[in-house]
file protein27.txt (compact mmCIF, C-alpha atoms)
# COMPACT_ATOMS: atom_id res chain seq x y z
CA MET A 1 76.28 70.98 14.97
CA LYS A 2 72.80 72.42 15.37
CA ARG A 3 71.56 69.11 16.80
CA SER A 4 74.40 69.18 19.33
CA LEU A 5 73.54 72.71 20.39
CA VAL A 6 69.87 71.83 20.73
CA ALA A 7 70.72 68.74 22.81
CA LEU A 8 73.04 70.83 25.00
CA SER A 9 70.36 73.47 25.46
CA PHE A 10 67.83 70.85 26.54
CA ALA A 11 70.37 69.32 28.95
CA MET A 12 71.13 72.72 30.51
CA PHE A 13 67.41 73.49 30.79
CA ALA A 14 66.72 70.17 32.52
CA LEU A 15 69.63 70.76 34.92
CA CYS A 16 68.40 74.24 35.79
CA THR A 17 64.84 73.12 36.38
CA GLN A 18 65.92 70.19 38.59
CA ALA A 19 68.66 71.84 40.63
CA GLN A 20 67.53 73.65 43.78
CA VAL A 21 69.48 75.00 46.70
CA HIS A 22 68.21 73.74 50.05
CA THR A 23 69.24 75.71 53.12
CA PRO A 24 67.65 75.76 56.60
CA PRO A 25 65.44 78.72 57.47
CA THR A 26 66.63 81.08 60.18
CA SER A 27 63.23 80.76 61.89
CA THR A 28 61.94 77.20 61.89
CA LYS A 29 58.28 76.30 61.49
CA SER A 30 56.57 74.57 64.41
CA GLU A 31 53.15 73.14 65.23
CA VAL A 32 51.68 72.40 68.66
CA HIS A 33 48.51 70.41 69.26
CA GLN A 34 47.01 69.80 72.69
CA VAL A 35 43.64 68.59 73.93
CA VAL A 36 42.58 70.45 77.09
CA GLY A 37 39.59 68.74 78.68
CA LEU A 38 37.41 68.32 75.59
CA THR A 39 38.83 71.25 73.62
CA ASP A 40 41.42 71.04 70.84
CA MET A 41 44.05 73.78 70.93
CA LYS A 42 46.61 74.28 68.15
CA ILE A 43 49.49 76.70 67.56
CA ASP A 44 51.23 77.27 64.21
CA TYR A 45 54.25 79.58 64.33
CA SER A 46 57.84 80.27 63.31
CA ARG A 47 60.61 80.23 65.93
CA PRO A 48 63.41 82.82 65.77
CA ASN A 49 66.61 82.33 67.80
CA MET A 50 68.40 84.79 70.07
CA ARG A 51 71.75 84.31 68.26
CA GLY A 52 73.58 86.38 70.87
CA ARG A 53 71.12 89.26 70.69
CA LEU A 54 69.35 91.00 73.55
CA VAL A 55 65.68 90.23 72.91
CA PHE A 56 63.22 92.14 75.08
CA GLY A 57 63.85 95.85 75.16
CA ASP A 58 66.06 95.68 72.05
CA LEU A 59 65.25 93.16 69.28
CA VAL A 60 61.65 93.26 70.56
CA PRO A 61 61.17 96.85 71.82
CA TYR A 62 59.03 97.50 74.87
CA GLY A 63 55.74 99.25 74.30
CA ARG A 64 55.45 98.36 70.61
CA LEU A 65 53.22 95.86 68.84
CA TRP A 66 55.07 92.58 68.19
CA ARG A 67 54.08 89.78 65.83
CA THR A 68 54.96 87.25 68.61
CA GLY A 69 56.98 85.09 66.27
CA ALA A 70 58.54 85.35 62.83
CA ASN A 71 57.45 85.25 59.20
CA MET A 72 53.69 84.60 58.80
CA ASN A 73 51.33 85.14 61.70
CA THR A 74 51.56 83.02 64.80
CA ILE A 75 48.11 81.39 64.68
CA VAL A 76 46.28 79.98 67.70
CA THR A 77 43.20 77.83 67.07
CA PHE A 78 40.56 76.88 69.64
CA GLY A 79 38.13 74.04 68.93
CA ASN A 80 35.51 75.42 71.33
CA ASP A 81 34.65 78.79 72.84
CA VAL A 82 37.14 79.61 75.61
CA GLU A 83 37.67 82.22 78.29
CA ILE A 84 40.85 84.29 78.69
CA GLY A 85 41.32 86.95 81.36
CA GLY A 86 37.64 86.73 82.27
CA LYS A 87 36.58 87.43 78.67
CA LYS A 88 34.87 85.09 76.20
CA LEU A 89 36.61 84.18 72.94
CA LYS A 90 34.71 82.35 70.20
CA LYS A 91 36.13 79.14 68.77
CA GLY A 92 38.26 79.65 65.67
CA SER A 93 41.73 80.77 64.58
CA TYR A 94 43.44 83.99 65.63
CA ALA A 95 46.73 85.75 64.98
CA LEU A 96 48.63 86.17 68.24
CA TYR A 97 50.05 89.68 68.77
CA SER A 98 51.50 91.24 71.90
CA ILE A 99 52.81 94.50 73.31
CA PRO A 100 55.64 93.56 75.70
CA LYS A 101 56.44 95.76 78.69
CA VAL A 102 58.69 95.21 81.69
CA GLU A 103 55.87 94.80 84.22
CA GLU A 104 52.98 93.76 82.00
CA TRP A 105 52.24 92.43 78.51
CA GLU A 106 49.15 93.07 76.45
CA ILE A 107 48.10 89.93 74.60
CA ILE A 108 45.94 90.36 71.50
CA PHE A 109 43.96 87.74 69.57
CA TYR A 110 43.37 89.21 66.10
CA ALA A 111 40.75 87.89 63.68
CA ASP A 112 42.83 88.36 60.48
CA THR A 113 45.44 85.59 60.27
CA ASN A 114 46.73 86.22 56.73
CA ASN A 115 49.57 88.63 57.40
CA TRP A 116 53.33 88.42 57.01
CA GLY A 117 54.22 89.87 60.39
CA LEU A 118 52.11 92.88 61.31
CA PRO A 119 49.11 93.91 59.19
CA GLU A 120 49.78 96.74 56.74
CA LYS A 121 46.82 98.51 58.31
CA TRP A 122 45.86 97.72 61.89
CA ASP A 123 42.10 97.32 62.30
CA GLU A 124 40.79 97.69 65.87
CA SER A 125 37.52 96.00 64.86
CA LYS A 126 39.45 92.77 64.23
CA ILE A 127 40.64 92.52 67.83
CA ALA A 128 38.64 89.53 69.09
CA LEU A 129 40.12 89.74 72.60
CA SER A 130 42.89 91.54 74.44
CA THR A 131 44.10 90.94 77.97
CA LYS A 132 46.94 91.99 80.30
CA VAL A 133 49.39 89.39 81.62
CA LYS A 134 52.35 89.70 83.98
CA PRO A 135 55.60 88.16 82.66
CA VAL A 136 57.58 85.77 84.85
CA GLY A 137 61.36 85.60 85.06
CA SER A 138 63.02 82.24 84.44
CA ASP A 139 66.36 80.77 85.53
CA ARG A 140 66.39 78.87 82.26
CA LYS A 141 67.38 80.63 79.05
CA PHE A 142 65.18 79.93 76.02
CA GLU A 143 67.46 80.37 73.00
CA THR A 144 64.58 79.68 70.62
CA LEU A 145 61.17 81.36 70.91
CA THR A 146 58.75 78.78 72.29
CA VAL A 147 54.98 79.08 72.31
CA ALA A 148 53.54 76.09 74.15
CA ILE A 149 50.49 74.80 76.02
CA ASN A 150 51.51 73.82 79.54
CA ASN A 151 49.99 73.14 82.96
CA VAL A 152 47.16 71.22 81.32
CA ASN A 153 44.21 70.52 83.59
CA ILE A 154 40.71 69.22 82.98
CA ASP A 155 39.28 72.73 82.55
CA CYS A 156 42.24 75.02 81.80
CA ALA A 157 45.80 75.31 80.53
CA ASP A 158 48.47 77.98 80.13
CA LEU A 159 49.35 79.24 76.67
CA GLU A 160 52.97 80.23 77.37
CA ILE A 161 55.27 82.52 75.40
CA MET A 162 58.88 81.75 76.34
CA TRP A 163 62.02 83.47 75.06
CA GLU A 164 65.31 84.67 76.53
CA LYS A 165 64.61 84.40 80.29
CA THR A 166 60.97 85.46 80.16
CA ILE A 167 57.79 83.39 80.38
CA VAL A 168 54.39 84.94 79.69
CA PRO A 169 51.62 82.59 80.91
CA ILE A 170 48.15 83.16 79.42
CA ARG A 171 45.52 81.15 81.29
CA VAL A 172 42.92 79.66 78.94
CA THR A 173 39.76 78.23 80.50
CA VAL A 174 37.82 75.68 78.47
CA PRO A 175 34.13 74.64 78.82
CA THR A 176 34.81 71.04 79.85
CA ASP A 177 32.02 70.75 82.39
CA GLN A 178 29.43 72.19 80.02
CA LEU A 179 30.46 69.83 77.21
CA ALA A 180 30.75 66.80 79.47
CA MET A 181 27.35 67.35 81.08
CA GLN A 182 25.76 67.86 77.66
CA SER A 183 27.35 64.61 76.48
CA ILE A 184 26.15 62.74 79.57
CA ASP A 185 22.60 64.05 79.20
CA GLU A 186 22.46 63.16 75.51
CA THR A 187 24.07 59.74 75.90
CA PHE A 188 21.93 58.63 78.83
CA GLU A 189 18.96 58.25 76.57
CA GLY A 190 20.53 54.84 75.85
CA PRO A 191 23.73 54.39 77.91
CA THR A 192 26.28 51.63 77.43
CA ILE A 193 28.63 50.12 80.01
CA VAL A 194 31.35 52.55 78.94
CA ASP A 195 28.92 55.48 79.25
CA TYR A 196 28.06 54.54 82.84
CA TYR A 197 31.72 54.17 83.73
CA GLY A 198 32.74 57.42 82.00
CA ALA A 199 29.97 59.40 83.70
CA ALA A 200 30.83 57.94 87.10
CA GLU A 201 34.52 58.72 86.63
CA TYR A 202 33.79 62.31 85.60
CA TYR A 203 31.50 62.87 88.60
CA TYR A 204 34.18 61.42 90.88
CA LEU A 205 36.99 63.55 89.41
CA THR A 206 34.94 66.74 89.61
CA SER A 207 33.39 65.96 93.03
CA LYS A 208 29.83 66.16 91.76
CA ASP A 209 26.93 64.06 93.10
CA LEU A 210 28.82 61.02 94.49
CA ALA A 211 25.57 59.09 95.04
CA LYS A 212 24.91 59.32 91.30
CA ALA A 213 28.51 58.38 90.57
CA LEU A 214 28.22 55.30 92.79
CA ASN A 215 24.92 54.33 91.16
CA TRP A 216 26.45 54.62 87.67
CA VAL A 217 29.59 52.65 88.46
CA ASN A 218 27.43 49.95 90.07
CA LYS A 219 25.44 49.74 86.82
CA ALA A 220 28.66 49.48 84.82
CA ILE A 221 29.83 46.66 87.09
CA GLU A 222 26.46 44.93 87.01
CA LYS A 223 26.24 45.06 83.21
CA SER A 224 29.81 43.71 82.92
CA ALA A 225 28.68 40.50 84.69
CA ASP A 226 31.57 38.05 85.11
CA LYS A 227 33.86 40.18 82.92
CA VAL A 228 33.98 43.22 85.18
CA PRO A 229 37.31 45.10 84.73
CA TYR A 230 39.45 45.72 87.80
CA TYR A 231 39.49 49.47 87.08
CA PHE A 232 35.67 49.60 87.31
CA VAL A 233 35.88 48.17 90.82
CA ARG A 234 38.81 50.46 91.67
CA LEU A 235 36.70 53.48 90.71
CA LYS A 236 33.86 52.26 92.92
CA SER A 237 36.24 52.05 95.91
CA GLN A 238 37.49 55.60 95.22
CA ILE A 239 33.94 56.96 95.09
CA GLN A 240 33.09 55.22 98.36
CA ALA A 241 36.21 56.62 100.03
CA LYS A 242 35.52 60.15 98.81
CA ALA A 243 31.96 59.84 100.09
CA GLY A 244 33.35 58.96 103.54
CA ASP A 245 32.49 55.25 103.57
CA LYS A 246 36.01 53.96 104.20
CA LEU A 247 34.82 50.55 105.46
CA ALA A 248 32.98 49.80 102.22
CA ALA A 249 35.87 51.29 100.23
CA VAL A 250 38.32 48.81 101.79
CA ASP A 251 36.09 45.82 100.96
CA THR A 252 35.71 47.04 97.37
CA ALA A 253 39.45 47.68 97.08
CA LYS A 254 40.13 44.08 98.14
CA TRP A 255 37.87 42.93 95.31
CA ALA A 256 39.68 45.24 92.89
CA LEU A 257 43.03 43.90 94.15
CA ASP A 258 41.92 40.32 93.52
CA LEU A 259 40.89 41.19 89.95
CA ALA A 260 44.15 43.08 89.34
CA GLU A 261 46.19 40.10 90.58
CA LYS A 262 44.29 37.78 88.25
CA ALA A 263 45.04 40.19 85.38
CA ASN A 264 48.66 40.51 86.58
CA ASN A 265 48.46 44.31 86.43
CA LEU A 266 51.28 45.41 88.72
CA ASP A 267 50.25 49.08 88.76
CA TYR A 268 46.73 48.34 89.95
CA ILE A 269 47.98 45.75 92.45
CA LYS A 270 50.12 48.44 94.06
CA ILE A 271 47.53 51.24 94.07
CA ASN A 272 44.89 48.96 95.57
CA LYS A 273 47.26 47.73 98.28
CA ASP A 274 48.21 51.34 99.06
CA ALA A 275 44.53 52.34 99.19
CA ILE A 276 43.64 49.47 101.54
CA ARG A 277 46.43 50.54 103.93
CA GLU A 278 45.38 54.20 103.78
CA TRP A 279 41.63 53.62 104.22
CA SER A 280 42.16 51.04 106.99
CA LYS A 281 43.81 53.59 109.31

call {"tool": "encode", "arguments": {"input": "protein27.txt", "output": "structure tokens"}}
result
Amino acid sequence: MKRSLVALSFAMFALCTQAQVHTPPTSTKSEVHQVVGLTDMKIDYSRPNMRGRLVFGDLVPYGRLWRTGANMNTIVTFGNDVEIGGKKLKKGSYALYSIPKVEEWEIIFYADTNNWGLPEKWDESKIALSTKVKPVGSDRKFETLTVAINNVNIDCADLEIMWEKTIVPIRVTVPTDQLAMQSIDETFEGPTIVDYYGAAEYYYLTSKDLAKALNWVNKAIEKSADKVPYYFVRLKSQIQAKAGDKLAAVDTAKWALDLAEKANNLDYIKINKDAIREWSK
């Protein structure tokens, strides 16, 4: 009898330790990762839903500090120093807080990221940056709070807070040019074919010294010998056209077209044909 009771006790204990109830959280966890220029940006946050509630002015009162999410802090991480609202923000991770208002939001990047919601004691010295942003109305309704990185360009992007019918765009400027120029300077102590091409492409995209860009792409083509890629030659034609030498650009584009046809790359066949028509006018 005792053995039976002991066995039953062990069985019940094993059942209790193994059984767990799994239910979905009301605010789901989300991660966003985006490279802007040469800067990694990441967002970790929890996403509450409207669930039929009025959000701004009610669930999220105007004029009061808001955690800008649910559960643990919404954390924004920058891989390099950035600029927001004309102010410098050091690379690192920050809790994202805000004070919503009808006409204007205050956005706060807070150095302490280990809080469930708002800090028990607010410390002004931990405000790494604050800035004012105007909210934008949207025709689309965002049922679930969305914090995203949109409008990504080579040197900036918008960190957007979207909920209900409101979008709050926070422009983040990244030091792409500084990092790219530093990389070019350091690499050109012993450049490879790819280095020459990459530097030429960057100078073309950012409208820097086009003579240098042309010189570098020529070196990339020269070093490629009989294995020159069609996109190297395409870039050369673009640099020539931007520099105003349309006649040379057309000749180079014809060469790029021939290489693209041999490689059977339909995209580059089309863009070179289009360029030849445009630059021949």

call {"tool": "atom_distance", "arguments": {"input": "protein27.txt", "atom1": "atom CA of A:Phe56", "atom2": "atom CA of A:Pro169"}}
result
16.1 Å

call {"tool": "closest_residue", "arguments": {"input": "protein27.txt", "among": "A:Arg64, A:Lys242, A:Lys227, A:Lys236", "to": "A:Ala263", "atoms": "only C-alpha atoms"}}
result
A:Lys227

call {"tool": "residues_around", "arguments": {"input": "protein27.txt", "residues": "A:Thr39", "least_positions_apart": "5", "cutoff": "12 Å", "atoms": "only C-alpha atoms", "output": "list in words"}}
result
His33, Gln34, Thr77, Phe78, Gly79, Asn80, Asp81, Val82, Glu83, Lys91, Gly92, Val152, Asn153, Ile154, Asp155, Cys156, Ala157, Val172, Thr173, Val174, Pro175, Thr176, Asp177, Gln178, Leu179 and Ala180 of chain A

call {"tool": "write_last_selection", "arguments": {"input": "protein27.txt", "atoms": "C-alpha atoms", "output": "mmCIF file, in the coordinates of the input"}}
result
data_model
loop_
_atom_site.group_PDB
_atom_site.id
_atom_site.type_symbol
_atom_site.label_atom_id
_atom_site.label_comp_id
_atom_site.auth_asym_id
_atom_site.auth_seq_id
_atom_site.Cartn_x
_atom_site.Cartn_y
_atom_site.Cartn_z
ATOM 1 C CA HIS A 33 48.510 70.410 69.260
ATOM 2 C CA GLN A 34 47.010 69.800 72.690
ATOM 3 C CA THR A 77 43.200 77.830 67.070
ATOM 4 C CA PHE A 78 40.560 76.880 69.640
ATOM 5 C CA GLY A 79 38.130 74.040 68.930
ATOM 6 C CA ASN A 80 35.510 75.420 71.330
ATOM 7 C CA ASP A 81 34.650 78.790 72.840
ATOM 8 C CA VAL A 82 37.140 79.610 75.610
ATOM 9 C CA GLU A 83 37.670 82.220 78.290
ATOM 10 C CA LYS A 91 36.130 79.140 68.770
ATOM 11 C CA GLY A 92 38.260 79.650 65.670
ATOM 12 C CA VAL A 152 47.160 71.220 81.320
ATOM 13 C CA ASN A 153 44.210 70.520 83.590
ATOM 14 C CA ILE A 154 40.710 69.220 82.980
ATOM 15 C CA ASP A 155 39.280 72.730 82.550
ATOM 16 C CA CYS A 156 42.240 75.020 81.800
ATOM 17 C CA ALA A 157 45.800 75.310 80.530
ATOM 18 C CA VAL A 172 42.920 79.660 78.940
ATOM 19 C CA THR A 173 39.760 78.230 80.500
ATOM 20 C CA VAL A 174 37.820 75.680 78.470
ATOM 21 C CA PRO A 175 34.130 74.640 78.820
ATOM 22 C CA THR A 176 34.810 71.040 79.850
ATOM 23 C CA ASP A 177 32.020 70.750 82.390
ATOM 24 C CA GLN A 178 29.430 72.190 80.020
ATOM 25 C CA LEU A 179 30.460 69.830 77.210
ATOM 26 C CA ALA A 180 30.750 66.800 79.470
#

call {"tool": "atom_distance", "arguments": {"input": "protein27.txt", "atom1": "atom CA of A:Ser183", "atom2": "atom CA of A:Glu31"}}
result
29.4 Å

call {"tool": "closest_residue", "arguments": {"input": "protein27.txt", "among": "A:Asn115, A:Asn218, A:Ser30, A:Ser125", "to": "A:Thr146", "atoms": "all atoms listed in the file"}}
result
A:Ser30

call {"tool": "residues_near_point", "arguments": {"input": "protein27.txt", "point": "(51.6, 85.6, 81.5)", "cutoff": "9 Å", "atoms": "all atoms listed in the file", "output": "list in words"}}
result
Glu104, Trp105, Ile107, Lys132, Val133, Lys134, Pro135, Val136, Asp158, Leu159, Glu160, Ile161, Ile167, Val168, Pro169, Ile170 and Arg171 of chain A

call {"tool": "closest_residue", "arguments": {"input": "protein27.txt", "among": "A:Tyr62, A:Ala128, A:Tyr196, A:Val76", "to": "A:Lys90", "atoms": "all atoms listed in the file"}}
result
A:Ala128

call {"tool": "residues_around", "arguments": {"input": "protein27.txt", "residues": "A:Ile184", "least_positions_apart": "3", "cutoff": "8 Å", "atoms": "all atoms listed in the file", "output": "list in words"}}
result
Ala180, Met181, Thr187, Phe188, Asp195 and Ala199 of chain A

call {"tool": "atom_distance", "arguments": {"input": "protein27.txt", "atom1": "atom CA of A:Ile127", "atom2": "atom CA of A:Tyr110"}}
result
4.6 Å

call {"tool": "closest_residue", "arguments": {"input": "protein27.txt", "among": "A:Asp209, A:Glu120, A:Asp226, A:Asp258", "to": "A:Gln240", "atoms": "all atoms listed in the file"}}
result
A:Asp209

call {"tool": "closest_residue", "arguments": {"input": "protein27.txt", "among": "A:Asp251, A:Glu201, A:Glu124, A:Glu278", "to": "A:Phe232", "atoms": "all atoms listed in the file"}}
result
A:Glu201

call {"tool": "closest_residue", "arguments": {"input": "protein27.txt", "among": "A:Thr144, A:Ser46, A:Ser207, A:Thr252", "to": "A:Tyr231", "atoms": "all atoms listed in the file"}}
result
A:Thr252

call {"tool": "residues_near_point", "arguments": {"input": "protein27.txt", "point": "(40.2, 45.6, 87.8)", "cutoff": "8 Å", "atoms": "only C-alpha atoms", "output": "PyMOL selection string"}}
result
chain A and resi 228-234+256-260+263+268
